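Undergrad: Hey, dropping coords.csv in here, CSV, C-alpha atoms and all ligand atoms:
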chain,number,residue,atom,x,y,z
A,1,THR,CA,1.9,26.1,-35.5
A,2,SER,CA,1.0,23.0,-33.5
A,3,ASN,CA,3.1,20.9,-35.8
A,4,ASN,CA,6.1,22.6,-34.2
A,5,LYS,CA,5.2,21.4,-30.7
A,6,VAL,CA,7.1,18.4,-29.5
A,7,LYS,CA,6.3,16.5,-26.3
A,8,LEU,CA,9.3,15.2,-24.3
A,9,VAL,CA,8.5,12.5,-21.7
A,10,GLU,CA,11.1,12.7,-19.0
A,11,VAL,CA,12.0,9.1,-18.0
A,12,GLY,CA,15.1,9.8,-15.8
A,13,PRO,CA,13.5,9.2,-12.4
A,14,ARG,CA,12.4,5.7,-13.5
A,15,ASP,CA,14.3,4.4,-16.6
A,16,GLY,CA,17.3,6.5,-15.6
A,17,LEU,CA,17.6,5.3,-12.0
A,18,GLN,CA,16.2,1.8,-12.1
A,19,ASN,CA,19.5,0.0,-12.7
A,20,GLU,CA,21.7,2.0,-10.3
A,21,LYS,CA,23.3,-0.4,-7.9
A,22,LYS,CA,23.5,1.9,-4.8
A,23,THR,CA,20.2,2.6,-3.2
A,24,ILE,CA,19.3,6.2,-4.0
A,25,PRO,CA,17.7,8.0,-1.1
A,26,LEU,CA,13.9,8.7,-1.4
A,27,ALA,CA,14.7,12.4,-0.8
A,28,THR,CA,17.0,12.5,-3.8
A,29,LYS,CA,14.5,10.9,-6.0
A,30,ILE,CA,11.8,13.4,-4.9
A,31,ASP,CA,14.2,16.3,-5.3
A,32,LEU,CA,14.9,15.1,-8.8
A,33,ILE,CA,11.3,14.9,-9.8
A,34,GLU,CA,10.5,18.3,-8.2
A,35,ARG,CA,13.4,20.0,-10.0
A,36,LEU,CA,12.3,18.4,-13.3
A,37,ALA,CA,8.7,19.6,-12.8
A,38,ARG,CA,9.9,23.2,-12.7
A,39,THR,CA,11.6,23.0,-16.2
A,40,GLY,CA,8.4,23.1,-18.2
A,41,VAL,CA,8.4,19.3,-19.0
A,42,SER,CA,4.8,18.0,-18.9
A,43,THR,CA,5.2,14.3,-18.3
A,44,ILE,CA,7.6,12.6,-15.8
A,45,GLU,CA,8.0,8.9,-15.4
A,46,ALA,CA,8.3,8.8,-11.6
A,47,GLY,CA,8.5,5.1,-10.6
A,48,SER,CA,7.6,1.5,-11.1
A,49,PHE,CA,5.3,-0.9,-9.4
A,50,VAL,CA,7.3,-4.0,-10.3
A,51,SER,CA,8.7,-6.8,-8.1
A,52,PRO,CA,11.3,-5.3,-5.7
A,53,LYS,CA,13.2,-8.6,-6.1
A,54,TRP,CA,13.5,-7.9,-9.8
A,55,VAL,CA,14.2,-4.1,-9.5
A,56,PRO,CA,15.2,-3.2,-6.0
A,57,GLN,CA,15.9,0.4,-6.8
A,58,MET,CA,12.2,1.1,-7.6
A,59,ALA,CA,11.0,-0.4,-4.2
A,60,ASN,CA,10.0,3.0,-2.8
A,61,SER,CA,7.8,4.0,-5.7
A,62,SER,CA,4.8,4.0,-3.4
A,63,GLU,CA,6.3,6.7,-1.3
A,64,ILE,CA,7.0,8.7,-4.4
A,65,LEU,CA,3.4,8.4,-5.6
A,66,GLU,CA,2.1,9.4,-2.1
A,67,HIS,CA,4.4,12.5,-2.1
A,68,LEU,CA,3.2,13.6,-5.6
A,69,LEU,CA,-0.4,13.3,-4.5
A,70,GLN,CA,-0.1,14.8,-1.1
A,71,LYS,CA,2.4,17.7,-1.6
A,72,LYS,CA,1.9,20.5,-4.0
A,73,VAL,CA,4.7,20.1,-6.5
A,74,GLN,CA,5.3,23.4,-8.2
A,75,ALA,CA,5.2,23.2,-12.0
A,76,PRO,CA,4.6,25.8,-14.8
A,77,VAL,CA,2.4,23.5,-16.8
A,78,PRO,CA,-0.1,20.8,-15.9
A,79,MET,CA,1.8,17.6,-15.0
A,80,THR,CA,1.3,14.0,-15.8
A,81,TYR,CA,3.2,11.5,-13.6
A,82,SER,CA,3.7,8.0,-15.0
A,83,PHE,CA,4.3,4.7,-13.2
A,84,LEU,CA,5.1,1.3,-14.6
A,85,ALA,CA,2.9,-1.7,-13.8
A,86,PRO,CA,3.7,-5.1,-15.2
A,87,ASN,CA,0.7,-6.9,-13.9
A,88,THR,CA,-2.6,-6.5,-11.9
A,89,LYS,CA,-0.6,-6.8,-8.7
A,90,GLY,CA,1.5,-3.8,-9.5
A,91,LEU,CA,-1.6,-1.8,-10.6
A,92,GLN,CA,-3.4,-2.8,-7.4
A,93,ASN,CA,-0.5,-1.4,-5.3
A,94,CYS,CA,-0.7,1.8,-7.3
A,95,ALA,CA,-4.5,2.0,-7.2
A,96,ASP,CA,-4.6,1.5,-3.4
A,97,ILE,CA,-2.5,4.7,-3.0
A,98,LEU,CA,-4.7,6.6,-5.5
A,99,LYS,CA,-7.9,5.5,-3.7
A,100,ALA,CA,-6.4,6.5,-0.3
A,101,ASN,CA,-5.8,10.0,-1.8
A,102,PRO,CA,-9.0,10.9,-3.6
A,103,GLU,CA,-9.4,14.4,-5.1
A,104,THR,CA,-5.6,14.8,-5.3
A,105,PHE,CA,-5.3,14.0,-9.0
A,106,SER,CA,-7.3,14.5,-12.2
A,107,THR,CA,-8.6,11.6,-14.2
A,108,GLN,CA,-10.0,11.2,-17.7
A,109,LEU,CA,-13.3,10.2,-16.0
A,110,ASP,CA,-13.5,13.2,-13.7
A,111,PRO,CA,-11.8,16.1,-15.4
A,112,ARG,CA,-13.6,18.4,-12.9
A,113,ALA,CA,-10.7,17.5,-10.6
A,114,ASP,CA,-8.8,19.9,-12.8
A,115,GLY,CA,-11.1,22.8,-11.8
A,116,ASN,CA,-11.0,25.5,-9.2
A,117,GLY,CA,-7.7,27.1,-9.9
A,118,GLU,CA,-5.0,24.7,-8.9
A,119,PRO,CA,-4.4,22.1,-11.6
A,120,LYS,CA,-4.1,18.7,-10.2
A,121,PRO,CA,-1.6,16.2,-11.7
A,122,ALA,CA,-2.9,13.5,-14.0
A,123,MET,CA,-1.7,10.0,-13.4
A,124,GLU,CA,-0.6,7.5,-16.1
A,125,VAL,CA,0.1,3.8,-16.0
A,126,ALA,CA,2.7,2.2,-18.3
A,127,VAL,CA,2.8,-1.4,-19.3
A,128,PHE,CA,5.8,-2.8,-21.1
A,129,ALA,CA,6.0,-5.6,-23.7
A,130,ALA,CA,9.0,-6.7,-25.7
A,131,ALA,CA,9.5,-7.2,-29.4
A,132,THR,CA,11.4,-10.5,-28.9
A,133,GLU,CA,10.6,-13.6,-27.0
A,134,SER,CA,14.0,-13.7,-25.3
A,135,PHE,CA,13.8,-10.1,-24.0
A,136,SER,CA,10.2,-10.8,-22.8
A,137,GLN,CA,11.4,-13.8,-20.8
A,138,LYS,CA,14.3,-11.9,-19.2
A,139,ASN,CA,12.3,-8.8,-18.4
A,140,LEU,CA,8.8,-10.2,-17.5
A,141,ASN,CA,9.4,-13.9,-17.0
A,142,CYS,CA,6.8,-14.8,-19.6
A,143,ASP,CA,6.3,-15.0,-23.3
A,144,ILE,CA,4.9,-12.1,-25.4
A,145,GLN,CA,1.4,-13.6,-25.7
A,146,THR,CA,1.1,-14.1,-22.0
A,147,SER,CA,2.3,-10.6,-21.3
A,148,LEU,CA,-0.2,-9.1,-23.7
A,149,GLU,CA,-3.0,-11.0,-21.9
A,150,ARG,CA,-1.8,-9.7,-18.6
A,151,PHE,CA,-1.6,-6.1,-20.0
A,152,LYS,CA,-5.2,-6.3,-21.2
A,153,ALA,CA,-6.3,-6.7,-17.6
A,154,VAL,CA,-4.0,-4.0,-16.4
A,155,ILE,CA,-5.2,-1.6,-19.1
A,156,GLN,CA,-8.8,-2.3,-18.5
A,157,ASP,CA,-8.4,-1.8,-14.7
A,158,SER,CA,-6.5,1.4,-15.3
A,159,LYS,CA,-9.1,2.8,-17.6
A,160,ALA,CA,-11.8,2.0,-15.0
A,161,LEU,CA,-9.9,4.2,-12.6
A,162,GLY,CA,-9.7,7.0,-15.3
A,163,LEU,CA,-6.0,6.7,-15.8
A,164,ARG,CA,-4.2,7.2,-19.1
A,165,VAL,CA,-2.2,4.2,-20.3
A,166,ARG,CA,1.1,4.1,-22.1
A,167,ALA,CA,2.4,0.9,-23.5
A,168,TYR,CA,6.1,0.3,-24.2
A,169,ILE,CA,7.5,-2.1,-26.6
A,170,SER,CA,11.2,-2.7,-25.9
A,171,VAL,CA,14.0,-3.8,-28.2
A,172,VAL,CA,12.2,-2.7,-31.4
A,173,LEU,CA,15.4,-2.0,-33.3
A,174,GLY,CA,17.8,-4.6,-31.8
A,175,CYS,CA,17.9,-7.1,-29.0
A,176,PRO,CA,20.8,-8.0,-26.7
A,177,PHE,CA,19.9,-11.7,-27.3
A,178,GLU,CA,18.6,-11.8,-30.9
A,179,GLY,CA,20.7,-9.0,-32.4
A,180,PHE,CA,19.3,-7.0,-35.3
A,181,ASP,CA,16.9,-9.7,-36.0
A,182,VAL,CA,13.8,-8.0,-34.8
A,183,ASP,CA,10.8,-8.1,-37.1
A,184,PRO,CA,9.1,-4.8,-37.6
A,185,HIS,CA,5.8,-6.6,-38.5
A,186,LYS,CA,5.9,-8.3,-35.1
A,187,VAL,CA,6.3,-4.8,-33.5
A,188,ALA,CA,3.3,-3.5,-35.4
A,189,GLU,CA,1.3,-6.6,-34.4
A,190,ILE,CA,2.1,-6.1,-30.7
A,191,ALA,CA,1.3,-2.4,-31.0
A,192,THR,CA,-2.0,-3.1,-32.6
A,193,ASP,CA,-2.9,-5.6,-29.8
A,194,LEU,CA,-2.0,-3.0,-27.1
A,195,LEU,CA,-4.0,-0.2,-28.8
A,196,GLU,CA,-7.0,-2.6,-29.2
A,197,SER,CA,-6.7,-3.4,-25.5
A,198,GLY,CA,-7.1,0.4,-24.8
A,199,ALA,CA,-3.6,1.8,-24.6
A,200,ASP,CA,-3.5,5.5,-25.4
A,201,GLU,CA,0.0,5.6,-26.6
A,202,ILE,CA,2.7,3.2,-27.8
A,203,SER,CA,6.3,4.0,-26.9
A,204,LEU,CA,8.8,2.2,-29.2
A,205,GLY,CA,12.0,1.5,-27.3
A,206,ASP,CA,15.3,1.2,-29.0
A,207,THR,CA,16.6,-0.3,-25.8
A,208,THR,CA,20.0,-1.3,-27.1
A,209,GLY,CA,20.6,1.8,-29.2
A,210,MET,CA,21.1,-0.4,-32.2
A,211,GLY,CA,18.6,1.6,-34.3
A,212,THR,CA,19.9,3.2,-37.5
A,213,ALA,CA,18.2,5.9,-39.7
A,214,PRO,CA,17.1,3.4,-42.4
A,215,ARG,CA,15.9,0.8,-39.9
A,216,THR,CA,14.0,3.5,-37.9
A,217,SER,CA,12.4,4.6,-41.1
A,218,ALA,CA,11.5,1.0,-42.1
A,219,LEU,CA,9.9,0.4,-38.7
A,220,LEU,CA,7.8,3.6,-38.9
A,221,ARG,CA,6.7,2.8,-42.4
A,222,CYS,CA,5.6,-0.7,-41.2
A,223,MET,CA,3.7,0.9,-38.3
A,224,SER,CA,1.9,3.2,-40.7
A,225,ALA,CA,1.1,0.4,-43.1
A,226,ALA,CA,-0.5,-1.5,-40.2
A,227,GLY,CA,-2.8,1.5,-39.7
A,228,ILE,CA,-1.2,2.9,-36.5
A,229,ARG,CA,-1.4,6.6,-36.3
A,230,THR,CA,1.7,8.7,-35.7
A,231,GLU,CA,0.0,10.6,-32.9
A,232,ASP,CA,-0.3,7.3,-31.0
A,233,ILE,CA,3.4,6.7,-31.2
A,234,ALA,CA,6.2,7.9,-29.0
A,235,MET,CA,9.9,7.1,-29.8
A,236,HIS,CA,12.3,6.0,-27.0
A,237,PHE,CA,15.9,6.2,-28.2
A,238,HIS,CA,19.1,5.2,-26.5
A,239,ASP,CA,22.3,6.8,-27.6
A,240,THR,CA,24.6,3.8,-27.2
A,241,TYR,CA,25.9,4.1,-30.8
A,242,GLY,CA,25.4,7.8,-31.0
A,243,GLN,CA,22.5,7.4,-33.3
A,244,ALA,CA,19.7,8.8,-31.1
A,245,LEU,CA,19.4,12.3,-32.7
A,246,VAL,CA,19.7,10.9,-36.2
A,247,ASN,CA,16.9,8.5,-35.5
A,248,THR,CA,14.9,11.3,-33.9
A,249,ALA,CA,15.3,13.4,-37.1
A,250,VAL,CA,14.0,10.5,-39.1
A,251,SER,CA,11.0,10.1,-36.7
A,252,LEU,CA,10.2,13.8,-36.9
A,253,GLU,CA,10.0,13.4,-40.7
A,254,HIS,CA,7.6,10.6,-40.2
A,255,GLY,CA,5.4,12.9,-38.2
A,256,ILE,CA,6.2,11.6,-34.7
A,257,ARG,CA,5.9,14.4,-32.1
A,258,THR,CA,6.4,12.6,-28.8
A,259,PHE,CA,9.9,11.4,-27.6
A,260,ASP,CA,11.2,9.9,-24.4
A,261,SER,CA,14.5,11.2,-22.9
A,262,SER,CA,16.4,11.1,-19.7
A,263,VAL,CA,18.1,14.0,-17.9
A,264,GLY,CA,21.9,13.6,-17.9
A,265,GLY,CA,21.4,10.6,-20.2
A,266,LEU,CA,20.7,8.5,-17.1
A,267,GLY,CA,20.0,4.8,-17.5
A,268,GLY,CA,21.1,2.0,-19.6
A,269,CYS,CA,20.3,-1.6,-20.4
A,270,PRO,CA,21.3,-4.1,-17.8
A,271,TYR,CA,21.7,-6.8,-20.5
A,272,SER,CA,24.0,-4.6,-22.6
A,273,PRO,CA,27.2,-4.3,-20.6
A,274,GLY,CA,28.8,-0.8,-21.0
A,275,ALA,CA,25.8,0.5,-22.9
A,276,THR,CA,25.3,4.2,-22.4
A,277,GLY,CA,21.9,5.4,-21.4
A,278,ASN,CA,18.7,6.9,-22.8
A,279,VAL,CA,19.2,9.9,-25.0
A,280,SER,CA,19.7,12.9,-22.8
A,281,THR,CA,16.9,15.4,-22.4
A,282,GLU,CA,19.4,18.2,-22.8
A,283,ASN,CA,20.5,16.9,-26.2
A,284,MET,CA,16.8,16.5,-27.3
A,285,VAL,CA,15.8,20.0,-26.1
A,286,TYR,CA,18.9,21.5,-27.9
A,287,PHE,CA,18.3,19.6,-31.0
A,288,MET,CA,14.6,20.6,-31.2
A,289,GLU,CA,15.6,24.2,-30.6
A,290,THR,CA,18.0,24.1,-33.6
A,291,LEU,CA,15.0,22.8,-35.7
A,292,GLY,CA,12.7,25.6,-34.5
A,293,MET,CA,10.6,23.0,-32.6
A,294,ASP,CA,9.0,23.9,-29.3
A,295,THR,CA,9.4,21.6,-26.3
A,296,GLY,CA,8.5,24.2,-23.7
A,297,ILE,CA,11.5,23.1,-21.6
A,298,ASP,CA,14.1,25.5,-20.2
A,299,LEU,CA,17.4,24.1,-21.5
A,300,ASP,CA,19.6,25.8,-18.9
A,301,ALA,CA,17.4,24.5,-16.0
A,302,MET,CA,17.5,21.0,-17.5
A,303,THR,CA,21.3,21.3,-17.9
A,304,ASP,CA,21.7,22.2,-14.3
A,305,ILE,CA,19.7,19.2,-13.2
A,306,GLY,CA,21.7,16.9,-15.4
A,307,SER,CA,24.9,18.1,-13.7
A,308,TRP,CA,23.4,18.0,-10.2
A,309,ILE,CA,22.1,14.4,-10.5
A,310,SER,CA,25.2,13.1,-12.1
A,311,THR,CA,27.2,14.4,-9.1
A,312,GLU,CA,24.7,13.0,-6.7
A,313,LEU,CA,25.1,9.6,-8.3
A,314,GLY,CA,28.9,9.9,-8.5
A,315,LYS,CA,29.0,9.6,-12.3
A,316,SER,CA,30.1,11.7,-15.2
A,317,ASN,CA,27.5,13.8,-17.0
A,318,GLY,CA,26.1,11.6,-19.7
A,319,SER,CA,24.8,14.5,-21.8
A,320,THR,CA,27.1,16.0,-24.5
A,321,VAL,CA,25.0,19.1,-24.7
A,322,GLY,CA,24.8,19.4,-21.0
A,323,LYS,CA,28.6,19.3,-20.8
A,324,ALA,CA,29.0,21.8,-23.6
A,325,VAL,CA,26.5,24.3,-22.1
A,326,LEU,CA,28.3,24.1,-18.7
A,327,GLY,CA,31.7,24.3,-20.3
A,328,ALA,CA,32.7,21.1,-18.5
B,401,LIG,P1,7.6,-13.4,-11.5
B,401,LIG,O1,8.7,-13.8,-10.6
B,401,LIG,O2,7.3,-14.3,-12.7
B,401,LIG,O3,6.3,-13.0,-10.7
B,401,LIG,O4,8.0,-12.0,-12.1
B,401,LIG,P2,5.2,-13.9,-9.9
B,401,LIG,O5,3.9,-13.4,-10.4
B,401,LIG,O6,5.5,-15.4,-10.0
B,401,LIG,O7,5.4,-13.4,-8.4
B,401,LIG,C1,6.7,-13.7,-7.7
B,401,LIG,C2,6.7,-12.8,-6.5
B,401,LIG,O8,6.8,-11.4,-6.9
B,401,LIG,C3,5.5,-12.9,-5.6
B,401,LIG,O9,6.0,-12.6,-4.3
B,401,LIG,C4,4.7,-11.8,-6.0
B,401,LIG,O10,3.8,-11.3,-5.1
B,401,LIG,C5,5.7,-10.7,-6.4
B,401,LIG,P3,6.4,-13.7,-3.2
B,401,LIG,O11,5.1,-14.5,-3.1
B,401,LIG,O12,7.5,-14.5,-3.8
B,401,LIG,O13,6.8,-13.0,-2.0
B,401,LIG,N1,5.2,-9.7,-7.3
B,401,LIG,C6,5.2,-8.4,-7.2
B,401,LIG,N2,5.6,-7.6,-6.2
B,401,LIG,C7,5.4,-6.3,-6.4
B,401,LIG,N3,4.9,-5.7,-7.5
B,401,LIG,C8,4.5,-6.5,-8.5
B,401,LIG,C9,4.6,-7.9,-8.4
B,401,LIG,N4,4.3,-8.9,-9.2
B,401,LIG,C10,4.6,-10.0,-8.6
B,401,LIG,N5,4.0,-5.9,-9.6
B,401,LIG,C11,7.3,-9.8,-12.8
B,401,LIG,C12,7.1,-11.3,-13.0
B,401,LIG,C13,6.6,-9.1,-14.0
B,401,LIG,C14,6.7,-9.4,-11.5
B,401,LIG,C15,8.8,-9.5,-12.8
B,401,LIG,O14,9.4,-10.1,-13.9
B,401,LIG,C16,9.0,-8.0,-12.8
B,401,LIG,O15,8.8,-7.3,-11.8
B,401,LIG,N6,9.6,-7.5,-13.9
B,401,LIG,C17,9.9,-6.1,-14.1
B,401,LIG,C18,11.2,-5.9,-14.7
B,401,LIG,C19,11.4,-4.4,-14.9
B,401,LIG,O16,10.9,-3.6,-14.2
B,401,LIG,N7,12.1,-4.0,-16.0
B,401,LIG,C20,12.4,-2.7,-16.3
B,401,LIG,C21,11.3,-2.0,-17.0
B,401,LIG,S1,11.2,-2.3,-18.8
B,401,LIG,C22,12.4,-1.2,-19.4
B,401,LIG,O17,13.1,-0.6,-18.6
B,401,LIG,C23,12.5,-0.9,-20.8
B,401,LIG,C24,11.8,0.5,-21.1
B,401,LIG,O18,12.4,1.5,-20.3
B,401,LIG,C25,12.0,0.8,-22.6
B,401,LIG,C26,13.4,0.9,-23.1
B,401,LIG,O19,14.3,1.5,-22.3
B,401,LIG,O20,13.7,0.6,-24.2
B,401,LIG,C27,10.3,0.4,-20.8
B,402,MG,MG,15.2,3.4,-21.9
Can you present the structure in this file as structure tokens?
TA:
Amino acid sequence: TSNNKVKLVEVGPRDGLQNEKKTIPLATKIDLIERLARTGVSTIEAGSFVSPKWVPQMANSSEILEHLLQKKVQAPVPMTYSFLAPNTKGLQNCADILKANPETFSTQLDPRADGNGEPKPAMEVAVFAAATESFSQKNLNCDIQTSLERFKAVIQDSKALGLRVRAYISVVLGCPFEGFDVDPHKVAEIATDLLESGADEISLGDTTGMGTAPRTSALLRCMSAAGIRTEDIAMHFHDTYGQALVNTAVSLEHGIRTFDSSVGGLGGCPYSPGATGNVSTENMVYFMETLGMDTGIDLDAMTDIGSWISTELGKSNGSTVGKAVLGA
């Protein structure tokens, strides 16, 4: 049944790589995205139109977007590629490339672009708010209210281009500066604002991995009490304290069917020293399989990519399932 279908959003190429200190070659990033696209995953977060002074690793996101539009990336399912944009300047940089490559992607305004055999990829823009004032300042250099006003413009402009919009809220279950003291009602209030601005989906980020089963449950009850539908929510867990799959199980019980994950467990939080990364896609696919849920993703293929990219980056494989499958 459709209730068994789970959508995993692969965030490795953006969230996973953004904090790597050594510049990763463009070819490696594109190779990673192309390998991921062949696994059956349907959405890949591919880059970020943020200030290169703030996040140097994402500086070549324009080239990545151009590649995805101009080359036929092979994929067994219709793909959506997602790019972060924190303000209208970021969206403009993204839109300039889209406009220079018409007819290469499908939009919500012009689904005909999907026609005639070859499915064209859909494009998504992601804005990112924070649940606490201190994280907002550190990540966006402005307070929450100002960020929401900026996002309103980004969302409106994105919609005018026919793009789907995802809106993150970071540090929803713990903040590196404010600890466990994150108000779930504040999260629901921010989510409501973003949905009213036109966002299609809210991704709730447990950026620090401080989420626990009871607090995840309390957050989702609060979202529901605020009238936010489960189908509009994605959960974004980090495995820093090893709680990601427990929190995923709780979220499934609350009816959530969209989850973010990162191949090889790539990524981390720059403000949480030593923090491990996003929950690995391998662990998520394996877990969903044990529950009889369908992600559409080939676990062996994903496992091979996790091993390959870890070697490319010179780090150990951050996926427990990946290591177990490979006997490493
Ligand atoms: P600011 O310094 O306040 O920006 O930064 P500004 O508007 O004052 O502009 C300063 C300079 O940046 C100007 O250039 C602008 O043109 C330029 P200058 O005149 O000095 O040469 N600029 C830009 N350049 C390229 N693209 C842009 C852009 N905007 C301004 N979009 C700003 C404000 C939002 C830009 C900055 O804070 C920023 O880029 N922040 C992004 C931080 C980031 O990417 N964080 C990671 C994503 S969030 C995350 O990872 C969490 C998540 O994964 C969930 C989870 O894991 O839990 C989503
Ligand atoms: Mg993350």
Undergrad: List all protein, DNA and RNA residues that have any atom at most 6 Å from ligand LIG 401 (chain B), counting only C-alpha atoms and all ligand atoms, and write the list as a list in words.
TA: Asp15, Phe49, Val50, Ser51, Trp54, Val55, Pro86, Asn87, Lys89, Gly90, Phe128, Asn139, Leu140, Asn141, Tyr168, Ser170, Val171, Gly205, Asp206 and Thr207 of chain A
Undergrad: With distances taken over only C-alpha atoms, which of A:Gly292, A:Gly209, A:Gly264, A:Gly198 is nearest to Asp232 of chain A?
TA: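 Smallest separation from Asp232 of chain A among the options: A:Gly198.
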Undergrad: I'd like to know which of A:Met235, A:Leu220, A:Ile309, A:Ala122 is closest to Glu103 of chain A, using all atoms listed in the file.
TA: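 When distances to Glu103 of chain A are compared using all atoms listed in the file, the smallest one comes from A:Ala122.
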Undergrad: Out of A:Lys120, A:Arg35, A:Lys159, A:Lys5, which residue has the shortest atom-to-atom distance to Gln70 of chain A when counting all atoms listed in the file?
TA: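 Using all atoms listed in the file, the shortest distance to Gln70 of chain A belongs to A:Lys120.
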Undergrad: Dig up all the protein and nucleic acid residues within 10 Å of (14.2, 6.4, -17.8) in the file frame, using all atoms listed in the file, and format them as a list in words.
TA: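 Here the neighbourhood of the point contains Val9, Glu10, Val11, Gly12, Pro13, Arg14, Asp15, Gly16, Leu17, Gln18, Asn19, Ile44, Glu45, Ala46, Gly47, His236, Asp260, Ser261, Ser262, Val263, Gly265, Leu266, Gly267, Gly268, Gly277, Asn278, Val279 and Ser280 of chain A.
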Undergrad: Tell me which of A:Ala199, A:Ala226, A:Leu26, A:Leu204 sits closest to ligand MG 402 (chain B), counting all atoms listed in the file.
TA: A:Leu204
Undergrad: A:Gly296, A:Gly318, A:Gly174, A:Gly255: which is nearest Ala37 of chain A, counting only C-alpha atoms?
TA: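 Result for the nearest residue to Ala37 of chain A: A:Gly296.
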Undergrad: What residues have an atom no more than 12 Å from (-1.7, -0.6, -3.9) in the file's own frame, counting all atoms listed in the file, and can you write them as a count of residues only?
TA: 23
Undergrad: Using only C-alpha atoms, which protein or nucleic acid residues come within 12 Å of Thr320 of chain A? Drop anything in the same chain fewer than 6 positions from it, and give the result as JSON, numbers by chain.
TA: {"A": [239, 242, 245, 263, 264, 265, 279, 280, 281, 282, 283, 284, 286, 287, 303, 306, 307, 326, 327, 328]}
Undergrad: Compare A:Arg229, A:His254, A:Val172, A:Pro184 by their minimum atom-to-atom distance to ligand MG 402 (chain B), counting only C-alpha atoms and all ligand atoms, and give me the closest one.
TA: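 Of A:Arg229, A:His254, A:Val172, A:Pro184, the one nearest ligand MG 402 (chain B) is A:Val172, counting only C-alpha atoms and all ligand atoms.
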Undergrad: Figure out the distance between atom CA of Thr212 of chain A and atom CA of Thr192 of chain A, please, to one decimal in Å.
TA: 23.3 Å
Undergrad: Just how far from atom MG of ligand MG 402 (chain B) is atom CA of Asp298 of chain A, in Å to one decimal?
TA: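 Atom-to-atom, atom CA of Asp298 of chain A to atom MG of ligand MG 402 (chain B), that is 22.2 Å.
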Undergrad: List as number ranges by chain the protein and nucleic acid residues near Lys22 of chain A, meaning an atom at most 12 Å away when all atoms listed in the file are counted, but skip any in the same chain fewer than 3 places from it.
TA: A: 17-19, 25, 56-58, 312-314
